[in-house]
Amino acid sequence: MRNRTRLSRSRMAASIALATVAFSLGVPLAAAPPARADYAPQANDVVGVGSGLLQPLLDFGDDGDPEGDTGYNTAGNLYKVVGIDATADANGRAAYLNNSTTASPLPLDPTVVLRGGTYPVERPATGAAGIAALLADTSPADPLINFAMTTSPPTATQIAQATSNGWGGLQTVGLGEEELEMVADQAATNAPPGLSAQQLVQIYQCQDTQWTQVGGTSANTIIPAIPPPGSETRSTFLNDLQAANGGTPITLGACVITVAENDPTGVTGNADPADVIEPFDTSLLNLWNGTSGDTDVGSDPDTGYFHDPTAAYPDGASLSAGVVQLDGAPSDDTPDYVDIRSLYVVYRSTDQDSTTPWQPGGTLNWAQTLFCDPGGPTPFFASAAGQILIAEAGIAPAYFCGAAPTTCTPLNIMGPGQDKGVVKVNPMSKGIETWQATCGTPPYIWNPNPGVGNPVCMSGGVVVGGVIPASAWTQTGTNQNLNLSMVNNGPATENLTCTLVVKDNSGNNSLSRQITVVVVGTK
């Protein structure tokens with residue numbers, strides 16, 4: 001698997017900015033000062049809007065990183081790529097109106113000039129807002145917005161709207177992966193090493209209120225924190241808890257506090273930091289800590305990215321997050337909570353197919369130059385230089401080019417109780433087993449729950465799948481068959497050799513089997 005310092009974990013079945021302005025330093029909220037204008041893109045520049053999770057990725061990819069890795073624009077190209085930040089602050093903090101308080105923040109709706117010579121408009125701050133803005137920009141011959149940044153691929157309805165707009169649909173390109181998981185105070189915490197989604201359901205409904213109820217040793221009261229309504233992290237987290245609750249939405253209890261999104265001071269600034277937990281996006285925590293998203297691609301930066309905004313230039317010191325991930329084994333013997341999300345750019349299919357060169361003297365359009373050119377030169381964000389910048393943004397590079405697959409090819413693998421020459425496996429209780437597959441390096445799709453939900457894009461290496469549902473097992477005579485699904489997101493049909501390992505709840509019994517399958521490409 002990718003050598004990420006933190007990003008490798010058992011998975012559950014998109015989204016975010018960093019912290020908010022005054023929360024991030026634990027000072028009283030104040031009105032946001034007038035922000036300097038963003039660079040106003042000119043004609044033929046390529047503009048993207050959307051999710052704050054891709055904000056550092058596009059910032060680095062466009063203009064380079066503090067380690068000296070150069071971005072696309074630093075090569076001296078006449079026309080630029082501009083990823084509009086989701087927040088009005090380079091530290092990723094949200095802005096607030098006058099009379100805001102920590103208990104009652106009044107968010108400011110920041111604006112941005114998408115093109116020179118145009119009026120300011122509301123700044124799209126989520127993936128959903130980015131795609132909506134793209135679809136609303138119905139002048140493809142002279143658009144303000146060229147692509148959207150999102151943690152979710154476009155829906156069938158959105159693709160149909162793009163088709164109705166005369167764009168031939170939407171092109172989806174995957175750039176990387178990141179994780180949402182729980183964090184706690186680094187200096188001292190009463191939280192156990194890990195918490196499962198099922199335990200979090202009980203905690204956030206205030207049904208389990210003491211650490212001793214979820215594997216901790218302290219009788220202190222748990223303080224569960226959550227980002228404010230409207231934030232992508234909150235939406236993703238609550239959707240995950242709903243899934244863990246059998247599809248029933250949870251009701252947040254009175255013990256839950258609201259903190260700024262991806263703000264470590266939501267934990268460290270609390271009067272009782274040892275008892276606070278908070279969902280936090282790992283790619284942003286990597287930026288706080290100066291950790292690469294993939295050390296095989298880009299080495300750990302020399303220092304954390306975020307610096308003290310209260311110090312005048314050049315004296316701002318690197319800030320420390322002061323929180324750690326809860327990535328250990330939960331006490332209920334189920335996988336620790338983690339949501340692995342793919343990070344996408346989405347744009348008009350007509351832009352992918354355009355025959356109009358982008359840069360003077362070039363032959364490729366902007367989409368081929370930057371993102372996707374099957375059979376042609378390597379696009380910038382898929383190149384070695386682009387992959388380094390993605391990793392330095394704290395994200396695990398996971399590039400694929402093409403429409404997201406929606407179907408899977410079943411793989412029938414002989415199941416428990418069979419001697420495969422590797423290890424004898426005792427019968428396992430359906431619904432509690434975990435699976436892990438080690439495959440090749442191209443992006444593949446694995447779906448641990450055939451027929452339920454959409455396949456999830458992973459990028460080869462070790463793919464940890466989490467709990468196997470009872471529906472994945474079928475009986476053939478005296479044998480149990482395990483049905484997993486896979487789609488090759490590459491350009492052609494190929495043979496793929498994988499090693500599958502199935503483990504029971506205790507982890508003591510496991511089945512390992514090498515399989516060779518023919519996987520049909522989706523391009």
# chains A, B, ... in the order shown; residues from 1 in each chain; ligands from 1

call {"tool": "select_by_dssp", "arguments": {"residues": "segment 17-230 of chain A", "states": "alpha helix (DSSP H)", "output": "JSON, numbers by chain"}}
result
{"A": [55, 56, 57, 58, 59, 60, 61, 62, 63, 127, 128, 129, 130, 131, 132, 133, 134, 135, 136, 156, 157, 158, 159, 160, 161, 162, 163, 164, 197, 198, 199, 200, 201, 202, 203, 204]}

call {"tool": "residues_around", "arguments": {"residues": "Ile159 of chain A", "least_positions_apart": "6", "cutoff": "9 Å", "atoms": "only C-alpha atoms", "output": "number ranges by chain"}}
result
A: 168-170

call {"tool": "residues_around", "arguments": {"residues": "Ala129 of chain A", "least_positions_apart": "4", "cutoff": "10 Å", "atoms": "only C-alpha atoms", "output": "VMD selection string"}}
result
chain A and resid 49 to 51 123 to 125 133 to 135 148 to 150

call {"tool": "closest_residue", "arguments": {"among": "A:Asn262, A:Ser235, A:Thr378, A:Thr355", "to": "Gly92 of chain A", "atoms": "only C-alpha atoms"}}
result
A:Asn262

call {"tool": "atom_distance", "arguments": {"atom1": "atom CA of Gly316 of chain A", "atom2": "atom CA of Gly394 of chain A"}}
result
21.2 Å

call {"tool": "residues_around", "arguments": {"residues": "Gly68 of chain A", "least_positions_apart": "5", "cutoff": "12 Å", "atoms": "only C-alpha atoms", "output": "list in words"}}
result
Phe60, Gly61, Asp63, Thr74, Gly298, Pro301, Asp302, Ala385, Ile388, Leu389 and Glu392 of chain A

call {"tool": "write_last_selection", "arguments": {"atoms": "C-alpha atoms", "output": "compact mmCIF listing (two decimals), in the first residue's frame"}}
result
# COMPACT_ATOMS: atom_id res chain seq x y z
CA PHE A 60 0.11 23.81 -4.88
CA GLY A 61 -0.64 22.37 -8.31
CA ASP A 63 1.63 27.77 -8.28
CA THR A 74 5.43 28.70 -12.67
CA GLY A 298 6.86 13.32 -2.05
CA PRO A 301 7.86 18.85 4.17
CA ASP A 302 10.31 20.59 6.47
CA ALA A 385 5.65 16.86 -10.86
CA ILE A 388 4.53 15.39 -5.88
CA LEU A 389 2.47 18.54 -5.40
CA GLU A 392 2.84 17.70 -0.50

call {"tool": "residues_around", "arguments": {"residues": "Tyr344 of chain A", "least_positions_apart": "5", "cutoff": "9 Å", "atoms": "only C-alpha atoms", "output": "list in words"}}
result
Leu54, Ala148, Met149, Thr150, Thr151, Ser152, Pro153, Thr172, Val173, Gly174, Leu175 and Gly176 of chain A
